[in-house]
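data35.txt (compact mmCIF, C-alpha atoms) appears below.
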```txt
# COMPACT_ATOMS: atom_id res chain seq x y z
CA MET A 1 -41.05 152.35 87.34
CA ILE A 2 -38.14 152.87 89.69
CA ASP A 3 -34.84 151.12 89.29
CA ARG A 4 -33.33 150.24 92.65
CA GLU A 5 -29.79 150.80 91.49
CA SER A 6 -29.99 154.27 90.03
CA LYS A 7 -33.23 155.54 91.60
CA THR A 8 -34.23 156.95 88.25
CA ALA A 9 -36.91 156.14 85.76
CA VAL A 10 -35.96 153.03 83.80
CA ASP A 11 -37.00 154.45 80.47
CA GLU A 12 -38.54 157.74 79.62
CA PRO A 13 -40.99 157.51 76.74
CA LEU A 14 -39.38 158.32 73.44
CA ASP A 15 -40.23 161.50 71.64
CA PRO A 16 -42.69 160.62 68.83
CA LEU A 17 -40.17 161.62 66.18
CA VAL A 18 -37.49 159.42 67.72
CA GLU A 19 -39.97 156.58 68.20
CA ARG A 20 -40.81 156.73 64.48
CA ALA A 21 -37.12 156.51 63.70
CA ALA A 22 -36.69 153.58 66.09
CA ALA A 23 -39.62 151.81 64.44
CA GLN A 24 -37.93 152.25 61.09
CA LEU A 25 -34.67 150.92 62.49
CA ARG A 26 -36.49 147.85 63.83
CA ARG A 27 -37.39 146.70 60.35
CA PRO A 28 -35.79 143.30 59.80
CA GLU A 29 -32.69 142.80 57.73
CA SER A 30 -32.84 139.97 55.26
CA VAL A 31 -30.45 137.05 55.59
CA ARG A 32 -28.71 136.26 52.30
CA GLN A 33 -28.78 132.57 51.55
CA ALA A 34 -25.14 132.61 50.40
CA TRP A 35 -24.09 134.24 53.68
CA ARG A 36 -25.98 131.62 55.68
CA GLU A 37 -24.53 128.71 53.70
CA GLU A 38 -21.00 130.06 53.97
CA LEU A 39 -21.40 130.37 57.74
CA LEU A 40 -22.86 126.90 58.22
CA ALA A 41 -20.15 125.35 56.07
CA GLN A 42 -17.58 126.67 58.52
CA VAL A 43 -19.24 125.09 61.55
CA SER A 44 -19.70 121.61 60.19
CA THR A 45 -17.63 120.08 62.99
CA PRO A 46 -18.92 120.13 66.58
CA PRO A 47 -17.26 122.59 68.97
CA ARG A 48 -14.68 121.26 71.41
CA ALA A 49 -15.90 119.52 74.49
CA ARG A 50 -15.90 121.40 77.76
CA ARG A 51 -12.53 121.50 79.48
CA ALA A 52 -13.11 121.09 83.16
CA SER A 53 -9.52 121.21 84.34
CA LEU A 54 -9.16 124.93 83.77
CA ARG A 55 -11.86 125.70 86.25
CA VAL A 56 -10.64 123.62 89.14
CA TRP A 57 -7.08 124.70 89.72
CA ILE A 58 -7.95 127.93 91.50
CA PRO A 59 -10.36 126.45 94.05
CA VAL A 60 -7.87 123.68 94.69
CA ALA A 61 -5.15 126.23 95.31
CA ILE A 62 -7.35 128.29 97.60
CA ALA A 63 -8.59 125.28 99.49
CA ALA A 64 -4.99 124.23 100.06
CA GLY A 65 -4.21 127.67 101.47
CA LEU A 66 -1.76 128.42 98.72
CA VAL A 67 -0.95 131.86 97.42
CA ALA A 68 -1.07 132.04 93.67
CA ALA A 69 1.35 134.80 92.81
CA VAL A 70 1.67 135.16 89.09
CA GLY A 71 2.97 138.32 87.53
CA MET A 72 1.70 141.26 89.55
CA ARG A 73 -1.30 139.56 91.05
CA GLN A 74 -1.76 137.55 94.18
CA LEU A 75 -4.75 135.43 95.01
CA ALA A 76 -5.06 133.96 98.44
CA GLY A 77 -7.42 132.99 101.19
CA ARG A 78 -7.01 135.55 103.98
CA GLY A 79 -8.49 134.71 107.35
CA GLY A 80 -11.87 133.56 106.18
CA GLU A 81 -12.01 131.28 103.21
CA ASP A 82 -14.02 133.77 101.18
CA ARG A 83 -11.68 136.75 101.39
CA ILE A 84 -9.72 137.30 98.24
CA ARG A 85 -6.98 139.82 97.54
CA PHE A 86 -6.92 141.25 94.06
CA SER A 87 -3.99 143.28 92.84
CA VAL A 88 -2.94 144.74 89.56
CA SER A 89 -0.02 146.83 88.41
CA ALA A 90 -1.12 150.09 86.83
CA PRO A 91 1.60 152.72 87.28
CA SER A 92 -0.02 155.50 85.28
CA ALA A 93 -3.62 154.93 86.36
CA LYS A 94 -5.54 157.54 88.29
CA GLN A 95 -8.42 155.33 89.31
CA VAL A 96 -8.67 151.57 89.49
CA SER A 97 -11.55 149.45 90.69
CA LEU A 98 -12.57 145.84 90.77
CA VAL A 99 -15.64 144.98 88.72
CA GLY A 100 -17.41 141.72 88.15
CA ASP A 101 -20.64 139.86 88.21
CA PHE A 102 -20.62 140.16 92.02
CA ASN A 103 -21.06 143.96 91.84
CA ARG A 104 -22.94 144.20 88.55
CA TRP A 105 -19.81 145.48 86.84
CA ASN A 106 -20.19 148.76 88.64
CA PRO A 107 -16.82 150.58 88.58
CA ALA A 108 -17.83 152.69 91.58
CA ALA A 109 -18.60 149.74 93.84
CA VAL A 110 -15.14 148.43 94.77
CA PRO A 111 -12.38 151.01 94.37
CA MET A 112 -8.84 149.74 94.73
CA ARG A 113 -6.11 151.51 96.68
CA ARG A 114 -2.67 152.25 95.34
CA GLY A 115 -0.06 150.27 97.22
CA SER A 116 3.69 150.19 96.91
CA ARG A 117 5.31 149.99 93.49
CA ASP A 118 2.11 151.20 91.80
CA VAL A 119 0.28 148.00 92.58
CA TRP A 120 -3.41 148.58 93.21
CA ILE A 121 -4.95 146.35 95.86
CA VAL A 122 -8.30 145.47 97.30
CA ASP A 123 -9.52 142.68 99.55
CA VAL A 124 -13.06 141.49 99.03
CA ARG A 125 -15.29 138.85 100.47
CA LEU A 126 -16.99 136.79 97.81
CA GLN A 127 -19.74 134.25 97.94
CA PRO A 128 -18.66 130.71 97.13
CA GLY A 129 -18.93 129.95 93.46
CA ARG A 130 -17.56 131.03 90.13
CA HIS A 131 -17.11 134.74 89.53
CA VAL A 132 -16.06 136.65 86.46
CA PHE A 133 -14.12 139.81 87.16
CA ALA A 134 -11.94 142.46 85.57
CA PHE A 135 -10.13 145.61 86.54
CA SER A 136 -11.52 148.98 85.56
CA VAL A 137 -8.41 151.06 84.91
CA ASP A 138 -9.39 154.68 84.33
CA GLY A 139 -12.65 153.43 82.89
CA ALA A 140 -11.19 150.77 80.60
CA LEU A 141 -11.78 147.14 81.42
CA ARG A 142 -8.71 144.96 81.69
CA ALA A 143 -8.67 141.23 82.27
CA ASP A 144 -6.22 139.72 84.71
CA SER A 145 -3.55 138.13 82.56
CA ALA A 146 -2.52 135.88 85.43
CA ALA A 147 -5.93 134.30 85.90
CA PRO A 148 -7.91 131.96 83.66
CA ARG A 149 -9.75 133.85 80.98
CA ALA A 150 -13.51 133.91 81.22
CA VAL A 151 -15.50 132.68 78.28
CA GLU A 152 -17.13 136.10 78.43
CA ASP A 153 -13.75 137.45 77.35
CA ASP A 154 -14.36 135.92 73.98
CA PHE A 155 -17.64 137.70 73.59
CA GLY A 156 -16.75 141.22 74.29
CA VAL A 157 -16.15 141.71 77.98
CA PRO A 158 -12.55 141.28 79.09
CA GLY A 159 -12.85 138.99 82.05
CA SER A 160 -11.04 136.53 84.26
CA VAL A 161 -12.37 133.78 86.44
CA VAL A 162 -12.04 133.20 90.13
CA VAL A 163 -13.74 130.29 91.84
CA VAL A 164 -14.37 130.51 95.58
CA PRO A 165 -14.92 127.15 97.21
CA GLY A 166 -17.79 126.55 99.57
CA ARG A 167 -17.08 126.36 103.29
CA GLY A 168 -17.53 122.64 103.23
CA SER A 169 -15.09 122.08 100.42
CA ASP A 170 -11.90 122.51 102.42
CA MET B 5 -37.05 124.04 71.75
CA THR B 6 -35.18 126.62 73.83
CA ASP B 7 -31.88 128.18 72.90
CA ALA B 8 -30.21 126.34 75.77
CA GLU B 9 -31.50 123.04 74.42
CA LEU B 10 -30.17 123.92 70.98
CA VAL B 11 -26.79 124.71 72.49
CA ARG B 12 -26.81 121.33 74.20
CA GLY B 13 -27.79 119.68 70.92
CA THR B 14 -24.94 121.40 69.10
CA LEU B 15 -22.46 120.24 71.72
CA ASP B 16 -23.83 116.74 71.33
CA GLY B 17 -22.99 116.89 67.63
CA ASP B 18 -26.35 117.79 66.15
CA ALA B 19 -25.50 120.31 63.42
CA ARG B 20 -29.18 121.13 62.89
CA SER B 21 -29.30 122.65 66.36
CA PHE B 22 -26.71 125.27 65.50
CA THR B 23 -28.45 125.91 62.18
CA GLU B 24 -31.60 126.67 64.17
CA LEU B 25 -29.68 129.06 66.41
CA VAL B 26 -28.34 130.83 63.32
CA ASP B 27 -31.80 131.07 61.79
CA ARG B 28 -33.27 132.43 65.02
CA HIS B 29 -30.67 135.06 65.72
CA ALA B 30 -29.07 136.01 62.42
CA PRO B 31 -31.75 138.57 61.43
CA ALA B 32 -31.31 140.54 64.66
CA CYS B 33 -27.54 140.25 64.50
CA LEU B 34 -27.47 141.52 60.94
CA ARG B 35 -29.86 144.32 61.81
CA TYR B 36 -27.79 145.48 64.77
CA ALA B 37 -24.49 145.26 62.87
CA THR B 38 -25.90 147.04 59.83
CA ARG B 39 -27.31 149.89 61.92
CA MET B 40 -24.13 150.06 63.99
CA LEU B 41 -21.64 149.94 61.13
CA GLY B 42 -23.72 151.60 58.41
CA ASP B 43 -22.47 149.11 55.87
CA ARG B 44 -24.09 145.82 54.94
CA THR B 45 -20.88 144.06 53.91
CA ASP B 46 -19.09 144.98 57.12
CA ALA B 47 -22.19 143.92 59.03
CA GLU B 48 -22.24 140.50 57.39
CA ASP B 49 -18.58 140.01 58.21
CA ALA B 50 -19.10 141.01 61.84
CA ALA B 51 -22.18 138.81 62.24
CA GLN B 52 -20.54 135.81 60.62
CA GLU B 53 -17.43 136.15 62.75
CA SER B 54 -19.65 136.41 65.82
CA PHE B 55 -21.43 133.16 65.06
CA LEU B 56 -18.11 131.43 64.41
CA ARG B 57 -16.71 132.64 67.72
CA ALA B 58 -19.88 131.62 69.48
CA HIS B 59 -19.62 128.17 67.97
CA ARG B 60 -16.01 127.80 69.09
CA ALA B 61 -16.85 128.94 72.63
CA LEU B 62 -20.17 127.12 72.89
CA ALA B 63 -18.86 124.54 75.34
CA SER B 64 -18.31 127.33 77.83
CA TYR B 65 -21.70 128.98 77.37
CA ASP B 66 -23.40 129.51 80.73
CA ALA B 67 -27.09 128.74 80.39
CA GLY B 68 -27.75 131.18 83.22
CA LEU B 69 -27.34 133.94 80.67
CA PRO B 70 -29.79 134.27 77.76
CA PHE B 71 -28.13 133.00 74.60
CA ARG B 72 -29.12 136.18 72.78
CA THR B 73 -27.28 138.31 75.35
CA TRP B 74 -24.22 136.10 75.11
CA LEU B 75 -24.27 136.24 71.32
CA PHE B 76 -24.79 140.00 71.30
CA ALA B 77 -21.81 140.45 73.58
CA ILE B 78 -19.68 138.81 70.91
CA LEU B 79 -21.33 140.83 68.17
CA ILE B 80 -20.88 144.13 70.00
CA ASN B 81 -17.19 143.40 70.32
CA ARG B 82 -16.91 142.45 66.65
CA CYS B 83 -18.60 145.68 65.66
CA ARG B 84 -16.29 147.69 67.88
CA THR B 85 -13.32 145.95 66.30
CA ALA B 86 -14.69 146.59 62.82
CA MET B 87 -15.10 150.29 63.59
CA ALA B 88 -11.58 150.49 65.00
CA ARG B 89 -10.16 148.75 61.94
CA ARG B 90 -12.11 151.00 59.65
CA ALA B 91 -10.93 154.11 61.46
CA LYS B 92 -7.36 152.92 61.26
CA ARG B 93 -7.70 152.01 57.61
CA GLU B 94 -9.42 155.12 56.43
CA ARG B 95 -8.12 157.71 58.88
CA ARG B 96 -10.97 159.92 58.00
CA ILE B 97 -14.33 160.83 59.41
CA VAL B 98 -17.37 161.07 57.20
CA VAL B 99 -19.18 164.20 58.29
CA ASP B 100 -21.14 165.34 55.29
CA ALA B 101 -24.49 163.88 54.44
CA ASP B 102 -23.66 163.17 50.80
CA ALA B 103 -20.64 161.07 51.61
CA LEU B 104 -22.49 159.25 54.33
CA ALA B 105 -25.46 158.55 52.11
CA ALA B 106 -23.10 157.10 49.53
CA SER B 107 -21.92 154.55 52.05
CA PHE B 108 -25.38 152.99 52.27
CA SER B 109 -26.41 150.66 49.49
CA ALA B 110 -29.91 150.97 48.04
CA ASP B 111 -30.52 147.24 47.87
CA ASP B 112 -34.19 147.04 48.70
CA GLY B 113 -37.43 148.83 48.14
CA ARG B 114 -37.59 150.87 51.31
CA SER B 115 -38.11 154.58 51.22
CA PHE B 116 -34.62 155.83 50.46
CA GLU B 117 -35.32 159.30 51.74
CA LEU B 118 -36.64 158.17 55.12
CA ARG B 119 -33.99 155.50 55.56
CA ASP B 120 -31.25 157.87 54.56
CA GLU B 121 -32.36 160.53 56.99
CA ILE B 122 -32.70 158.19 59.94
CA GLU B 123 -29.53 156.28 59.26
CA TRP B 124 -27.66 159.51 58.80
CA ALA B 125 -28.89 160.67 62.20
CA VAL B 126 -28.01 157.35 63.85
CA ALA B 127 -24.58 157.32 62.23
CA ALA B 128 -23.97 160.84 63.54
CA LEU B 129 -24.28 159.65 67.13
CA PRO B 130 -21.14 158.87 69.10
CA ALA B 131 -20.49 155.13 68.88
CA GLU B 132 -21.26 154.44 72.55
CA GLN B 133 -24.59 156.25 72.34
CA ARG B 134 -25.49 154.57 69.05
CA GLU B 135 -24.65 151.19 70.54
CA ALA B 136 -26.78 151.79 73.63
CA PHE B 137 -29.72 153.22 71.71
CA LEU B 138 -29.81 150.34 69.23
CA LEU B 139 -29.56 147.71 71.96
CA ARG B 140 -32.33 149.29 74.03
CA HIS B 141 -34.80 150.64 71.50
CA VAL B 142 -34.20 148.46 68.45
CA GLU B 143 -33.10 145.11 69.85
CA ALA B 144 -35.13 145.58 73.07
CA LEU B 145 -32.48 144.29 75.45
CA SER B 146 -33.04 145.05 79.13
CA TYR B 147 -30.50 147.28 80.81
CA GLU B 148 -29.24 144.30 82.75
CA GLU B 149 -28.70 142.39 79.51
CA MET B 150 -27.00 145.42 78.01
CA ALA B 151 -24.68 145.65 80.98
CA LYS B 152 -23.72 142.01 80.60
CA ALA B 153 -23.22 142.40 76.87
CA THR B 154 -21.30 145.67 76.84
CA GLY B 155 -19.38 145.61 80.11
CA ALA B 156 -20.73 149.07 80.96
CA GLY B 157 -22.74 149.87 84.08
CA VAL B 158 -26.51 150.19 84.02
CA SER B 159 -26.43 153.85 85.01
CA ALA B 160 -23.93 154.70 82.29
CA LEU B 161 -26.03 152.86 79.74
CA LYS B 162 -29.17 154.72 80.76
CA MET B 163 -27.35 157.99 80.37
CA ARG B 164 -26.09 156.98 76.92
CA VAL B 165 -29.57 156.04 75.80
CA LYS B 166 -30.99 159.29 77.14
CA ARG B 167 -28.35 161.38 75.41
CA ALA B 168 -28.72 159.41 72.20
CA SER B 169 -32.49 160.00 72.22
CA GLU B 170 -32.03 163.72 72.81
CA ARG B 171 -29.40 163.98 70.09
CA LEU B 172 -31.48 161.98 67.64
CA LYS B 173 -34.44 164.26 68.23
CA ILE B 174 -32.33 167.30 67.39
CA LEU B 175 -30.87 165.69 64.29
CA LEU B 176 -34.23 164.48 63.04
CA GLU B 177 -35.84 167.86 63.68
CA GLU B 178 -33.03 169.44 61.69
CA GLY B 179 -33.86 167.05 58.87
CA GLU B 180 -37.55 167.91 59.11
CA GLY B 181 -36.69 171.60 59.04
CA ALA B 182 -34.50 171.16 56.01
CA LYS B 183 -37.38 169.49 54.15
CA VAL B 184 -39.70 172.40 55.00
CA ASP B 185 -37.05 174.82 53.80
CA ASP B 186 -36.73 172.89 50.55
CA ARG B 187 -40.46 173.11 49.92
CA SER B 188 -40.72 176.83 50.69
```
Could I get this file's structure written as structure tokens?
Amino acid sequence: MIDRESKTAVDEPLDPLVERAAAQLRRPESVRQAWREELLAQVSTPPRARRASLRVWIPVAIAAGLVAAVGMRQLAGRGGEDRIRFSVSAPSAKQVSLVGDFNRWNPAAVPMRRGSRDVWIVDVRLQPGRHVFAFSVDGALRADSAAPRAVEDDFGVPGSVVVVPGRGSD
Amino acid sequence: MTDAELVRGTLDGDARSFTELVDRHAPACLRYATRMLGDRTDAEDAAQESFLRAHRALASYDAGLPFRTWLFAILINRCRTAMARRAKRERRIVVDADALAASFSADDGRSFELRDEIEWAVAALPAEQREAFLLRHVEALSYEEMAKATGAGVSALKMRVKRASERLKILLEEGEGAKVDDRS
């Protein structure tokens, strides 16, 4: 089976010795009743309702042609509605790239160029919709502190949100 | 009922829905955390914290992503944090088999020798390789799910799994050889 992205086999068969170990590792772990009860006691109230306002301010700003310049980052429509400029300050970095769900979080896909004052910049064209992105700074993911945090940020992947409006929305 | 429907039910105030999500996913979460951290107590803490964080963030869950992947992303981060805290706290690396074996509790009836040998080998892997191997070959996540959950690229993950498998083979063969030596 060939993977389109890497052109390599998806999974080589495991060595029998390693497969035996993996089978052993797959044995289920028991769930202690006390652990379960303690957890459920802490979630007795429903989670907060969805906050919609956080997700609309960026498309509104873009649609209005505004430049959102917060900290070291600018976000603006440039020419076409879909073109977004991302920038991040990383004075000591050797390599910075833009990663996100639009490029499968591939740090090699969208390298950023070093501009003046050690601000790394890239302009990209994104499909309309909500995108989660981050900066890969010398291999380490960094969220954009100036943008709304992605919910994914809370589950392990530092991420920020950008929402690109559809062509009909402005 | 699907996970997405249970999420919706939880958001609508049905506590039983979240209980069902816990019952569905807690065994895998505890298994991953235990294998990753090598300590059942730390694993329970990481898994519990993951469910609590998931509950708090549930309103923002995107049903386009499998709930398991979303939950594992939280868990992976909790395990990484637990390892970092442990490293900071202890400032030491367990490298000898006796000390490592002592960190595992014999709390069930499994073969201690086999478990000890395999867990020792898994614990000897670099954390990134251990993480990738467990997600792929124990929890059976796809590489795309792993990429979403870990933030790493698919190619990097494949390389980690490959290296982990090769390293495990060497470590396990060393263990096999040691047993033969003991018998001779």
Tell me, as number ranges by chain, which residues lie within 6 Å of stretch 26-40 of chain A, counting all atoms listed in the file; anything in the same chain fewer than 4 positions away does not count.
B: 31, 35, 142
Go through A:Leu141, A:Val162, A:Val122, A:Met112 and flag the residue nearest chain B, using all atoms listed in the file for the distances.
A:Leu141
Contacts from chain B to chain A, 7 Å maximum, all atoms listed in the file: show me the residue list as a PyMOL selection string.
chain B and resi 14-15+17+19+23+31+34-35+52+59-64+74+77-78+80-81+122+141-142+154-157+159+169+172-173
Go ahead and compute the interatomic distance for atom CA of B:Tyr65 and atom CA of A:Ser160, in Å to one decimal.
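Between atom CA of B:Tyr65 and atom CA of A:Ser160 the gap works out to 14.8 Å.
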Which neighbours of B:Gln133 fall inside 7 Å, counting only C-alpha atoms, when residues of the same chain fewer than 2 positions from it are skipped, and could you give them as a ChimeraX atom specification?
/B:129-131,135-137,164-165,168
Find the residue from B:Phe55, B:Arg89, B:Glu9, B:Thr45 that sits nearest to B:His29; use only C-alpha atoms when measuring.
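Nearest candidate to B:His29 out of B:Phe55, B:Arg89, B:Glu9, B:Thr45: B:Phe55.
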From the options A:Ser92, A:Val163, A:Pro111, A:Arg149, which residue's atoms come nearest to A:Asp123, counting only C-alpha atoms?
A:Pro111
At most 9 Å from (-6.1, 152.5, 91.7), file frame, only C-alpha atoms: which residues, as a PyMOL selection string?
chain A and resi 88-91+93-97+111-115+118-121+136-138
May I have the protein, DNA and RNA residues with any atom at most 12 Å from the point (-26.1, 127.9, 83.7), counting only C-alpha atoms, written as a PDB file with C-alpha atoms, in the frame of the given file?
```pdb
ATOM      1  CA  ARG A 130     -17.560 131.030  90.130  1.00  0.00           C
TER       2      ARG A 130
ATOM      3  CA  ALA B   8     -30.210 126.340  75.770  1.00  0.00           C
ATOM      4  CA  GLU B   9     -31.500 123.040  74.420  1.00  0.00           C
ATOM      5  CA  VAL B  11     -26.790 124.710  72.490  1.00  0.00           C
ATOM      6  CA  ARG B  12     -26.810 121.330  74.200  1.00  0.00           C
ATOM      7  CA  ALA B  63     -18.860 124.540  75.340  1.00  0.00           C
ATOM      8  CA  SER B  64     -18.310 127.330  77.830  1.00  0.00           C
ATOM      9  CA  TYR B  65     -21.700 128.980  77.370  1.00  0.00           C
ATOM     10  CA  ASP B  66     -23.400 129.510  80.730  1.00  0.00           C
ATOM     11  CA  ALA B  67     -27.090 128.740  80.390  1.00  0.00           C
ATOM     12  CA  GLY B  68     -27.750 131.180  83.220  1.00  0.00           C
ATOM     13  CA  LEU B  69     -27.340 133.940  80.670  1.00  0.00           C
ATOM     14  CA  PRO B  70     -29.790 134.270  77.760  1.00  0.00           C
ATOM     15  CA  PHE B  71     -28.130 133.000  74.600  1.00  0.00           C
TER      16      PHE B  71
END
```
